[in-house]
Structures are given as structure tokens and as C-alpha cells.
>>> print(open('query28.cif').read())   # mmCIF, C-alpha atoms
data_structure
#
loop_
_atom_site.label_atom_id
_atom_site.label_comp_id
_atom_site.auth_asym_id
_atom_site.auth_seq_id
_atom_site.Cartn_x
_atom_site.Cartn_y
_atom_site.Cartn_z
CA MET A 690 -262.46 198.37 145.53
CA PRO A 691 -259.33 199.10 143.44
CA ASN A 692 -258.33 196.35 141.04
CA SER A 693 -254.83 194.90 140.97
CA ALA A 694 -254.39 195.72 137.28
CA SER A 695 -255.31 199.15 135.98
CA VAL A 696 -257.33 199.40 132.80
CA PHE A 697 -256.49 202.23 130.44
CA LEU A 698 -259.07 203.56 128.04
CA PRO A 699 -258.40 204.84 124.51
CA LEU A 700 -260.48 207.98 125.01
CA GLN A 701 -257.93 210.69 124.37
CA ALA A 702 -259.69 211.63 121.12
CA LEU A 703 -262.92 212.68 122.87
CA VAL A 704 -263.24 216.46 122.50
CA THR A 705 -266.29 216.88 124.73
CA ALA A 706 -267.81 214.79 127.52
CA GLN A 707 -270.18 212.06 126.32
CA VAL A 708 -273.09 211.17 128.60
CA PHE A 709 -275.59 208.32 128.43
CA THR A 710 -278.55 207.70 130.73
CA HIS A 711 -281.15 204.97 130.47
CA ARG A 712 -283.90 203.77 132.78
CA ILE A 713 -285.15 200.19 132.90
CA GLU A 714 -288.53 199.57 134.45
CA PRO A 715 -289.28 196.78 135.21
CA VAL A 716 -285.93 195.05 135.46
CA THR A 717 -286.14 191.62 133.82
CA PHE A 718 -283.83 189.44 131.74
CA ASP A 719 -285.81 190.38 128.65
CA HIS A 720 -285.20 194.11 129.17
CA ILE A 721 -281.42 193.78 129.37
CA PRO A 722 -280.81 193.28 125.61
CA ASP A 723 -282.79 196.48 124.93
CA ALA A 724 -280.63 198.41 127.39
CA ARG A 725 -277.52 196.93 125.79
CA ALA A 726 -278.72 197.96 122.32
CA ALA A 727 -279.33 201.53 123.53
CA PHE A 728 -275.89 201.65 125.20
CA SER A 729 -274.22 200.20 122.11
CA GLY A 730 -275.89 202.82 119.90
CA PHE A 731 -274.60 205.55 122.18
CA PHE A 732 -271.04 204.24 121.93
CA GLN A 733 -271.22 204.23 118.15
CA ARG A 734 -272.61 207.78 118.00
CA ALA A 735 -270.05 209.02 120.52
CA GLY A 736 -267.15 207.46 118.62
CA ILE A 737 -266.03 205.40 121.60
CA PRO A 738 -264.02 202.45 120.25
CA PRO A 739 -264.91 198.80 120.92
CA ASP A 740 -261.79 198.42 123.08
CA ALA A 741 -263.58 200.53 125.66
CA SER A 742 -267.25 200.03 124.88
CA ASP A 743 -267.20 196.21 124.98
CA ALA A 744 -266.05 196.27 128.60
CA TYR A 745 -268.85 198.62 129.67
CA LEU A 746 -271.51 196.71 127.75
CA LEU A 747 -270.49 193.50 129.51
CA THR A 748 -270.31 195.16 132.92
CA MET A 749 -273.74 196.73 132.48
CA SER A 750 -275.22 193.38 131.49
CA GLU A 751 -273.64 191.57 134.41
CA ILE A 752 -274.78 194.15 136.96
CA LEU A 753 -278.35 194.16 135.63
CA THR A 754 -278.41 190.37 135.50
CA ASN A 755 -277.32 190.22 139.14
CA LEU A 756 -280.17 192.60 139.98
CA VAL A 757 -282.66 190.23 138.37
CA LYS A 758 -281.23 187.13 140.00
CA HIS A 759 -280.11 187.87 143.51
CA PRO A 760 -281.86 190.52 145.64
CA ALA A 761 -284.44 189.31 148.15
CA ARG A 762 -286.67 192.18 147.03
CA PRO A 763 -286.15 192.72 143.29
CA PRO A 764 -285.72 196.23 141.92
CA ARG A 765 -288.65 198.14 140.46
CA PHE A 766 -286.24 200.06 138.26
CA ALA A 767 -282.58 200.51 137.40
CA GLU A 768 -280.91 203.68 136.17
CA ILE A 769 -277.82 203.48 133.99
CA ALA A 770 -275.58 206.54 133.92
CA PHE A 771 -272.34 206.67 131.93
CA ARG A 772 -269.97 209.57 131.42
CA ALA A 773 -266.78 209.59 129.38
CA ASP A 774 -264.32 212.32 128.55
CA LYS A 775 -260.69 212.38 127.53
CA SER A 776 -259.58 211.72 131.11
CA GLY A 777 -261.60 208.53 131.59
CA ALA A 778 -265.05 207.07 132.15
CA VAL A 779 -267.44 206.09 134.90
CA LEU A 780 -270.49 203.82 134.76
CA ASP A 781 -273.01 203.98 137.60
CA ILE A 782 -276.04 201.72 137.90
CA SER A 783 -278.54 202.56 140.63
CA ASP A 784 -281.55 200.54 141.80
CA ASP A 785 -284.09 200.24 144.60
CA ALA A 786 -283.69 196.52 145.33
CA THR A 787 -282.61 195.00 148.61
CA SER A 788 -278.94 195.91 149.01
CA PHE A 789 -276.24 193.32 148.42
CA ALA A 790 -274.53 192.20 151.60
CA ASP A 791 -270.83 191.48 151.92
CA PHE A 792 -269.97 193.11 148.59
CA HIS A 793 -266.32 193.61 149.40
CA GLU A 794 -265.93 190.03 150.65
CA LYS A 795 -267.52 188.73 147.45
CA CYS A 796 -265.21 190.90 145.37
CA GLN A 797 -262.19 189.64 147.26
CA ALA A 798 -263.31 186.03 146.76
CA ALA A 799 -263.86 186.66 143.04
CA LEU A 800 -260.40 188.22 142.68
CA ASP A 801 -258.83 185.33 144.60
CA ASP A 802 -260.56 182.88 142.26
CA ALA A 803 -259.32 184.86 139.28
CA ARG A 804 -255.76 184.78 140.60
CA GLN A 805 -256.00 181.02 141.03
CA LEU A 806 -257.44 180.73 137.50
CA LEU A 807 -260.57 178.77 138.22
CA PRO A 808 -262.13 178.90 134.75
CA LEU A 809 -264.14 175.74 135.32
CA ALA A 810 -266.21 177.30 138.08
CA GLU A 811 -269.82 177.42 136.86
CA SER A 812 -270.67 180.62 138.71
CA GLY A 813 -268.97 183.83 139.78
CA HIS A 814 -267.64 184.70 136.32
CA GLY A 815 -269.84 187.81 136.15
CA LEU A 816 -268.29 189.57 139.13
CA ARG A 817 -264.83 188.36 138.13
CA CYS A 818 -265.30 189.90 134.67
CA ILE A 819 -266.40 193.22 136.15
CA LEU A 820 -263.44 193.38 138.51
CA ARG A 821 -260.90 192.36 135.89
CA GLN A 822 -262.17 194.88 133.36
CA HIS A 823 -262.08 198.02 135.49
CA THR A 824 -259.61 199.96 137.56
CA GLU A 825 -262.09 200.67 140.35
CA ALA A 826 -265.39 199.09 141.40
CA LEU A 827 -267.50 200.59 144.18
CA TYR A 828 -270.81 199.48 145.69
CA THR A 829 -272.77 201.94 147.83
CA PRO A 830 -275.83 200.42 149.51
CA ALA A 831 -279.06 202.39 149.77
CA ALA A 832 -278.58 202.95 153.51
CA THR A 833 -275.49 205.08 152.93
CA SER A 834 -276.19 206.67 149.55
CA ARG A 835 -277.42 210.25 149.09
CA ASP A 836 -280.51 209.34 147.08
CA GLY A 837 -281.60 206.20 148.94
CA CYS A 838 -280.71 203.90 146.03
CA ASN A 839 -278.00 201.28 145.73
CA HIS A 840 -275.16 202.31 143.42
CA PHE A 841 -272.72 200.01 141.63
CA SER A 842 -270.02 202.09 139.93
CA VAL A 843 -266.94 201.26 137.91
CA ARG A 844 -264.28 203.73 136.82
CA ASP A 845 -261.33 203.77 134.45
CA PHE A 846 -258.82 206.31 133.22
CA THR A 847 -256.93 207.11 130.08
CA ARG A 848 -253.24 206.39 130.35
CA GLU A 849 -252.20 210.03 130.61
CA GLU A 850 -254.68 210.72 133.42
CA ALA A 851 -253.70 207.62 135.37
CA SER A 852 -249.99 208.29 135.19
CA MET B 1403 -284.85 184.83 112.09
CA THR B 1404 -286.82 185.50 115.26
CA PRO B 1405 -285.25 186.82 118.49
CA ALA B 1406 -285.93 183.41 120.02
CA HIS B 1407 -283.77 181.76 117.35
CA VAL B 1408 -280.58 181.40 119.36
CA PHE B 1409 -279.12 178.10 118.19
CA GLU B 1410 -279.23 175.24 115.72
CA ILE B 1411 -277.86 171.75 116.35
CA SER B 1412 -276.51 169.27 113.87
CA ASN B 1413 -275.82 165.85 115.38
CA ALA B 1414 -273.30 163.45 113.83
CA PRO B 1415 -272.06 160.14 115.27
CA ASP B 1416 -268.82 161.59 116.58
CA CYS B 1417 -269.87 165.12 117.44
CA SER B 1418 -272.65 167.64 117.76
CA ILE B 1419 -272.31 171.05 116.13
CA ILE B 1420 -274.14 173.91 117.86
CA THR B 1421 -274.39 177.12 115.84
CA PHE B 1422 -275.31 180.07 118.02
CA PHE B 1423 -276.79 183.39 116.88
CA GLY B 1424 -276.87 186.86 118.42
CA ALA B 1425 -276.31 187.33 122.15
CA LEU B 1426 -275.44 184.50 124.55
CA ASP B 1427 -276.58 186.22 127.72
CA ALA B 1428 -278.83 185.47 130.69
CA ALA B 1429 -282.01 186.03 128.69
CA ALA B 1430 -280.91 183.65 125.95
CA MET B 1431 -279.66 181.00 128.37
CA GLN B 1432 -282.90 181.08 130.30
CA ARG B 1433 -284.79 180.35 127.07
CA ILE B 1434 -282.56 177.73 125.51
CA LYS B 1435 -280.80 175.74 128.23
CA PRO B 1436 -283.44 173.00 128.71
CA THR B 1437 -283.98 172.57 124.96
CA LEU B 1438 -280.28 172.63 124.24
CA GLN B 1439 -279.48 169.84 126.70
CA GLU B 1440 -282.28 167.69 125.26
CA SER B 1441 -281.19 168.33 121.67
CA LEU B 1442 -277.59 167.20 122.09
CA SER B 1443 -276.87 163.68 120.96
CA PRO B 1444 -276.23 161.53 124.05
CA THR B 1445 -273.59 159.57 122.14
CA ALA B 1446 -271.56 162.51 120.85
CA ARG B 1447 -268.17 162.57 122.58
CA ASN B 1448 -267.27 165.96 121.16
CA VAL B 1449 -269.17 169.20 120.71
CA ILE B 1450 -268.34 172.06 118.34
CA VAL B 1451 -269.82 175.44 119.22
CA ASP B 1452 -269.80 177.80 116.27
CA LEU B 1453 -269.65 181.42 117.47
CA ARG B 1454 -269.21 183.16 114.11
CA LYS B 1455 -272.65 184.74 114.37
CA VAL B 1456 -272.47 185.59 118.08
CA ASN B 1457 -272.02 189.28 118.82
CA PHE B 1458 -272.18 189.23 122.62
CA LEU B 1459 -271.15 186.72 125.28
CA ASP B 1460 -271.58 187.12 129.04
CA SER B 1461 -270.98 184.99 132.12
CA HIS B 1462 -274.12 182.93 131.44
CA GLY B 1463 -272.80 181.89 128.05
CA ILE B 1464 -269.50 181.05 129.74
CA GLY B 1465 -271.43 178.99 132.30
CA LEU B 1466 -272.95 176.96 129.46
CA PHE B 1467 -269.53 176.28 127.94
CA VAL B 1468 -268.12 175.30 131.33
CA SER B 1469 -270.91 172.80 131.89
CA LEU B 1470 -270.28 171.37 128.42
CA VAL B 1471 -266.53 171.09 129.08
CA LYS B 1472 -267.15 169.21 132.32
CA LYS B 1473 -269.65 166.85 130.73
CA LEU B 1474 -267.45 166.15 127.71
CA ASN B 1475 -264.26 165.74 129.73
CA ALA B 1476 -266.02 163.16 131.89
CA GLY B 1477 -266.60 161.12 128.71
CA LYS B 1478 -263.07 161.70 127.41
CA GLY B 1479 -264.43 164.12 124.83
CA ARG B 1480 -263.67 167.72 124.09
CA LEU B 1481 -265.31 171.06 123.38
CA TYR B 1482 -264.26 172.85 120.19
CA VAL B 1483 -264.94 176.59 119.94
CA ALA B 1484 -265.06 177.81 116.36
CA GLY B 1485 -265.12 181.29 114.89
CA ALA B 1486 -264.88 183.31 118.12
CA GLU B 1487 -263.87 186.89 117.34
CA GLY B 1488 -264.25 190.34 118.88
CA GLN B 1489 -266.15 190.58 122.17
CA PRO B 1490 -266.83 186.82 122.59
CA ALA B 1491 -263.15 186.02 122.02
CA SER B 1492 -262.10 188.66 124.57
CA VAL B 1493 -264.45 187.28 127.22
CA LEU B 1494 -263.30 183.69 126.68
CA LYS B 1495 -259.71 184.86 127.14
CA MET B 1496 -260.56 186.96 130.20
CA VAL B 1497 -262.18 184.09 132.10
CA GLY B 1498 -259.24 181.79 131.36
CA LEU B 1499 -261.13 179.22 129.31
CA ASP B 1500 -258.00 178.48 127.32
CA GLU B 1501 -256.55 175.59 125.32
CA LYS B 1502 -256.17 173.49 128.43
CA PHE B 1503 -259.93 173.14 128.44
CA VAL B 1504 -261.16 173.73 124.88
CA THR B 1505 -259.76 173.66 121.36
CA TYR B 1506 -260.12 176.92 119.44
CA CYS B 1507 -260.59 176.73 115.68
CA LYS B 1508 -260.88 179.25 112.88
CA ASP B 1509 -264.26 177.88 111.85
CA ALA B 1510 -266.54 174.87 112.20
CA ASP B 1511 -264.99 173.13 109.17
CA GLU B 1512 -261.57 173.18 110.80
CA ALA B 1513 -263.06 171.86 114.04
CA ARG B 1514 -264.92 169.14 112.15
CA ALA B 1515 -261.70 168.09 110.42
CA LEU B 1516 -259.90 167.90 113.76
CA VAL B 1517 -262.61 165.73 115.24
CA SER B 1518 -262.68 163.44 112.19
CA SER B 1519 -258.91 163.06 112.11
CA GLY B 1520 -258.85 161.94 115.70
CA ALA B 1521 -256.44 164.72 116.56
CA PRO B 1522 -255.16 164.69 120.13
CA LEU B 1523 -257.91 165.65 122.53
CA ALA B 1524 -255.61 167.54 124.83
CA PRO B 1525 -253.07 170.15 123.83
CA PRO B 1526 -249.39 169.14 123.95
#
>>> encode(input="query28.cif", output="C-alpha cells")
Amino acid sequence: MPNSASVFLPLQALVTAQVFTHRIEPVTFDHIPDARAAFSGFFQRAGIPPDASDAYLLTMSEILTNLVKHPARPPRFAEIAFRADKSGAVLDISDDATSFADFHEKCQAALDDARQLLPLAESGHGLRCILRQHTEALYTPAATSRDGCNHFSVRDFTREEAS
Amino acid sequence: MTPAHVFEISNAPDCSIITFFGALDAAAMQRIKPTLQESLSPTARNVIVDLRKVNFLDSHGIGLFVSLVKKLNAGKGRLYVAGAEGQPASVLKMVGLDEKFVTYCKDADEARALVSSGAPLAPP
């Protein structure tokens, strides 16, 4: 789902593509900080500035948290894959949990809430944050993915690439 | 400091000061929410949350602040957020938890002074 406001990344200085992969097994609340620490270390080594890395750290945490909380059958594992180069970045998180239903409707509802500025809602901030931080968000359920896993992906571009 | 050490509370007659440490995420909230609610003074009209030592805030931390705002507003009190910088400050801005709902302060001392002076509870 494309977002209403494009997000531009300050990645023009990247000379070569930077890739991060990390597997979480099992997927629990207590494993998420470890994944975040590994991702954060990668950003520092890759020289990706906080302007960009903070958004991906939050998105990764929110997606993994949703995987712990919501699926009828929880995931046995989650795979985090991130790739950045001077044209932009993509984060993909795959899992083997029960697929989320009505993803696009939930995204639309979250964006509508965001437009109406409902900051005192006690839930839904996670998806709203993801959608507001990224230019594109895409959910591919296991039934239609190539590898039989669910995929939640977000994508952004540097300004030059987007224009 | 242990990983489980996420907050400290100091209760005064007119306010409670909660100092948070590290990450305010789902894992932390799951651990601390029951204890936190019990530890807050039932008579405190205002709460100061000190975020100087918080390096990560997600929607679960926001959920905690929202529940505090609702509870305090119901008692004509107010939530003061002190020392938010970097990622936590960006997230607070992104979700729209602005000065209509909370008062942002440079640090806990400034928030404490505002509470003590009886400064207006709502922004002009």
C-alpha cells in the first residue's frame, strides 16, 4: 500500500549495497530487543544515519511485536532481511504464522485514524507508525508468496531516486 | 542495573515522577505495567515521566502514556514528559501526542517547577 507522504532516505553516501539478515527462533517479546540490538549494530557499522535507521528499528519492532500478539497460530520463526543502497532501502520480515486477514483494510483504517489525529487511541499506533514512516508497505500472505511464508515489506527511496 | 530495571518512581503529594531506563517496548511494558500502576500514588494529580535515559520507544510505550493521560485528565491533572530526545521524541511527535495532551519539558526539574508553581494545566 503506497503511503500518502513519501519518505526520503539520506543514503546517497552509500558506496556499496548494505545487507542485514537475522533469524529469530522462537519469536517472543524477550527476543525482540536482541534483534533490535543486532539491527542497530548493523546500522552503525554500515554508516546509515539515525534519520533512516530509527524508522527501520521501530518498524521491525512493531512487526515482530504484532507477530507475537496477534496470529491464531504463532510463528515458529521470523526472518529479517534488510537491504540499502544509494537508491533506497527495503525491509522484509517473513514468518510462518497464520496470515493476517484484511491487511489492506486495517492499513486504511490506521491511515484514516492518523489523518483524523487520534493520538489518544490506546491501540493501533504500531501500524500507524509503520505506515507513516515508509513510502510503501506491502503484506504478502503465505498462500500467495513464493516461499510459503508471510512477508511484510516496507520500502523507501532516496530523494534523487524518487524524483 | 539489571535488564529488568526499567523504571523508578518517586511519589510526592502533588505529583509522581517516573524515571524510565532503556527501551520502552512491548517486552518492557509486559514486565512493568502491573507494578507501575500499583506504585503510582493514588492522590497524585500530575505525573512526570523522565525519558532522559530512554533510548527506544514503541507503540506500547505510547500506549502507557495514553492511558496515563486519560487517567490524569479525568482527575484534572496532567502528564509532563521530560527529557525526550532523539528516537523517543520523534515517535511522540509522529503519533500526535502533542502539547494539547501533555506538557513537554527540558528535564524533570523544569517539570517539577511547573507543577509546583501551579502553572496552567492546559496550553494557551
>>> resolve_selection(input="query28.cif", expression="the PyMOL selection byres ((chain A) within 12 of (chain B))", output="ChimeraX atom specification")
/A:716-723,725-726,729,739-758,799-800,802-822
>>> atom_distance(input="query28.cif", atom1="atom CA of A:Pro699", atom2="atom CA of A:Tyr828")
25.1 Å
>>> atom_distance(input="query28.cif", atom1="atom CA of A:Ser783", atom2="atom CA of A:Gln797")
21.9 Å
>>> residues_near_point(input="query28.cif", point="(-270.7, 162.1, 118.5)", cutoff="6 Å", atoms="only C-alpha atoms", output="PyMOL selection string")
chain B and resi 1414-1418+1445-1448
>>> atom_distance(input="query28.cif", atom1="atom CA of A:Phe766", atom2="atom CA of A:Gly837")
13.2 Å
>>> resolve_selection(input="query28.cif", expression="the PyMOL selection byres ((chain A and resi 776-780) around 6)", output="list in words")
Ala770, Phe771, Arg772, Ala773, Asp774, Lys775, Asp781, Ser842, Val843, Arg844, Asp845, Phe846, Thr847 and Glu850 of chain A
>>> resolve_selection(input="query28.cif", expression="the PyMOL selection byres ((chain B and resi 1486) around 12)", output="PyMOL selection string")
chain B and resi 1421-1423+1450-1459+1482-1485+1487-1495+1505-1510
>>> closest_residue(input="query28.cif", among="A:Ala724, A:Ala826, A:Ala761, A:Leu698", to="A:Phe789", atoms="only C-alpha atoms")
A:Ala761
>>> axis_aligned_box(input="query28.cif", around="stretch 816-828 of chain A", padding_each_side="8 Å", output="lines of an AutoDock Vina configuration file")
center_x = -265.2
center_y = 194.5
center_z = 139.5
size_x = 27.2
size_y = 28.3
size_z = 28.3
>>> decode(input="query28.cif", residues="stretch 1452-1464 of chain B", atoms="all heavy atoms", output="short mmCIF file (atom, residue, chain, number, x, y, z; two decimals), in the first residue's frame")
data_model
loop_
_atom_site.label_atom_id
_atom_site.label_comp_id
_atom_site.auth_asym_id
_atom_site.auth_seq_id
_atom_site.Cartn_x
_atom_site.Cartn_y
_atom_site.Cartn_z
N ASP B 1452 10.17 10.91 33.10
CA ASP B 1452 11.51 11.37 32.73
C ASP B 1452 12.10 10.39 31.72
O ASP B 1452 12.36 9.22 32.04
CB ASP B 1452 12.38 11.43 33.99
CG ASP B 1452 13.76 12.05 33.72
OD1 ASP B 1452 14.14 12.15 32.54
OD2 ASP B 1452 14.45 12.40 34.70
N LEU B 1453 12.30 10.85 30.49
CA LEU B 1453 12.75 9.97 29.41
C LEU B 1453 14.22 10.19 29.03
O LEU B 1453 14.67 9.71 28.00
CB LEU B 1453 11.87 10.18 28.16
CG LEU B 1453 10.37 9.93 28.32
CD1 LEU B 1453 9.67 10.06 26.97
CD2 LEU B 1453 10.10 8.56 28.92
N ARG B 1454 14.96 10.91 29.87
CA ARG B 1454 16.35 11.21 29.52
C ARG B 1454 17.16 9.94 29.25
O ARG B 1454 18.06 9.94 28.43
CB ARG B 1454 17.03 11.95 30.68
CG ARG B 1454 16.97 13.46 30.58
CD ARG B 1454 17.62 14.06 31.80
NE ARG B 1454 17.14 13.40 33.02
CZ ARG B 1454 17.74 13.44 34.20
NH1 ARG B 1454 18.88 14.07 34.32
NH2 ARG B 1454 17.23 12.82 35.25
N LYS B 1455 16.85 8.87 29.98
CA LYS B 1455 17.65 7.65 29.85
C LYS B 1455 16.94 6.59 29.02
O LYS B 1455 17.28 5.40 29.10
CB LYS B 1455 18.01 7.13 31.24
CG LYS B 1455 18.94 8.10 31.95
CD LYS B 1455 19.25 7.70 33.36
CE LYS B 1455 20.20 8.74 33.98
NZ LYS B 1455 20.41 8.50 35.41
N VAL B 1456 15.95 7.00 28.23
CA VAL B 1456 15.24 6.07 27.35
C VAL B 1456 15.84 6.18 25.94
O VAL B 1456 15.96 7.28 25.40
CB VAL B 1456 13.74 6.39 27.32
CG1 VAL B 1456 13.03 5.59 26.23
CG2 VAL B 1456 13.13 6.09 28.68
N ASN B 1457 16.22 5.05 25.38
CA ASN B 1457 16.84 5.09 24.05
C ASN B 1457 15.94 4.54 22.96
O ASN B 1457 16.27 4.59 21.78
CB ASN B 1457 18.18 4.34 24.06
CG ASN B 1457 18.03 2.92 24.59
OD1 ASN B 1457 16.96 2.32 24.46
ND2 ASN B 1457 19.08 2.39 25.21
N PHE B 1458 14.78 3.97 23.36
CA PHE B 1458 13.87 3.43 22.34
C PHE B 1458 12.45 3.44 22.88
O PHE B 1458 12.20 3.00 24.00
CB PHE B 1458 14.26 2.01 21.95
CG PHE B 1458 13.40 1.42 20.87
CD1 PHE B 1458 13.62 1.74 19.55
CD2 PHE B 1458 12.36 0.56 21.18
CE1 PHE B 1458 12.81 1.22 18.54
CE2 PHE B 1458 11.54 0.03 20.18
CZ PHE B 1458 11.78 0.36 18.86
N LEU B 1459 11.53 3.93 22.06
CA LEU B 1459 10.11 3.99 22.44
C LEU B 1459 9.30 3.41 21.29
O LEU B 1459 9.50 3.80 20.14
CB LEU B 1459 9.72 5.46 22.68
CG LEU B 1459 8.27 5.78 22.96
CD1 LEU B 1459 7.82 5.20 24.31
CD2 LEU B 1459 8.06 7.30 22.97
N ASP B 1460 8.37 2.48 21.60
CA ASP B 1460 7.50 1.98 20.54
C ASP B 1460 6.04 2.21 20.92
O ASP B 1460 5.73 2.91 21.88
CB ASP B 1460 7.81 0.52 20.19
CG ASP B 1460 7.26 -0.47 21.20
OD1 ASP B 1460 6.61 -0.06 22.18
OD2 ASP B 1460 7.47 -1.68 21.01
N SER B 1461 5.13 1.61 20.16
CA SER B 1461 3.70 1.88 20.36
C SER B 1461 3.22 1.42 21.74
O SER B 1461 2.22 1.94 22.24
CB SER B 1461 2.90 1.21 19.26
OG SER B 1461 3.07 -0.20 19.29
N HIS B 1462 3.91 0.48 22.35
CA HIS B 1462 3.49 0.03 23.68
C HIS B 1462 3.83 1.06 24.75
O HIS B 1462 3.08 1.25 25.69
CB HIS B 1462 4.09 -1.33 23.99
CG HIS B 1462 3.47 -2.42 23.18
ND1 HIS B 1462 3.73 -2.56 21.84
CD2 HIS B 1462 2.57 -3.37 23.49
CE1 HIS B 1462 3.03 -3.56 21.37
NE2 HIS B 1462 2.31 -4.07 22.35
N GLY B 1463 4.97 1.72 24.58
CA GLY B 1463 5.29 2.84 25.46
C GLY B 1463 4.29 3.98 25.27
O GLY B 1463 3.83 4.58 26.24
N ILE B 1464 3.94 4.24 24.01
CA ILE B 1464 2.94 5.27 23.72
C ILE B 1464 1.61 4.90 24.38
O ILE B 1464 0.93 5.74 24.96
CB ILE B 1464 2.74 5.41 22.19
CG1 ILE B 1464 4.01 5.99 21.54
CG2 ILE B 1464 1.53 6.29 21.87
CD1 ILE B 1464 4.35 7.39 21.95
#
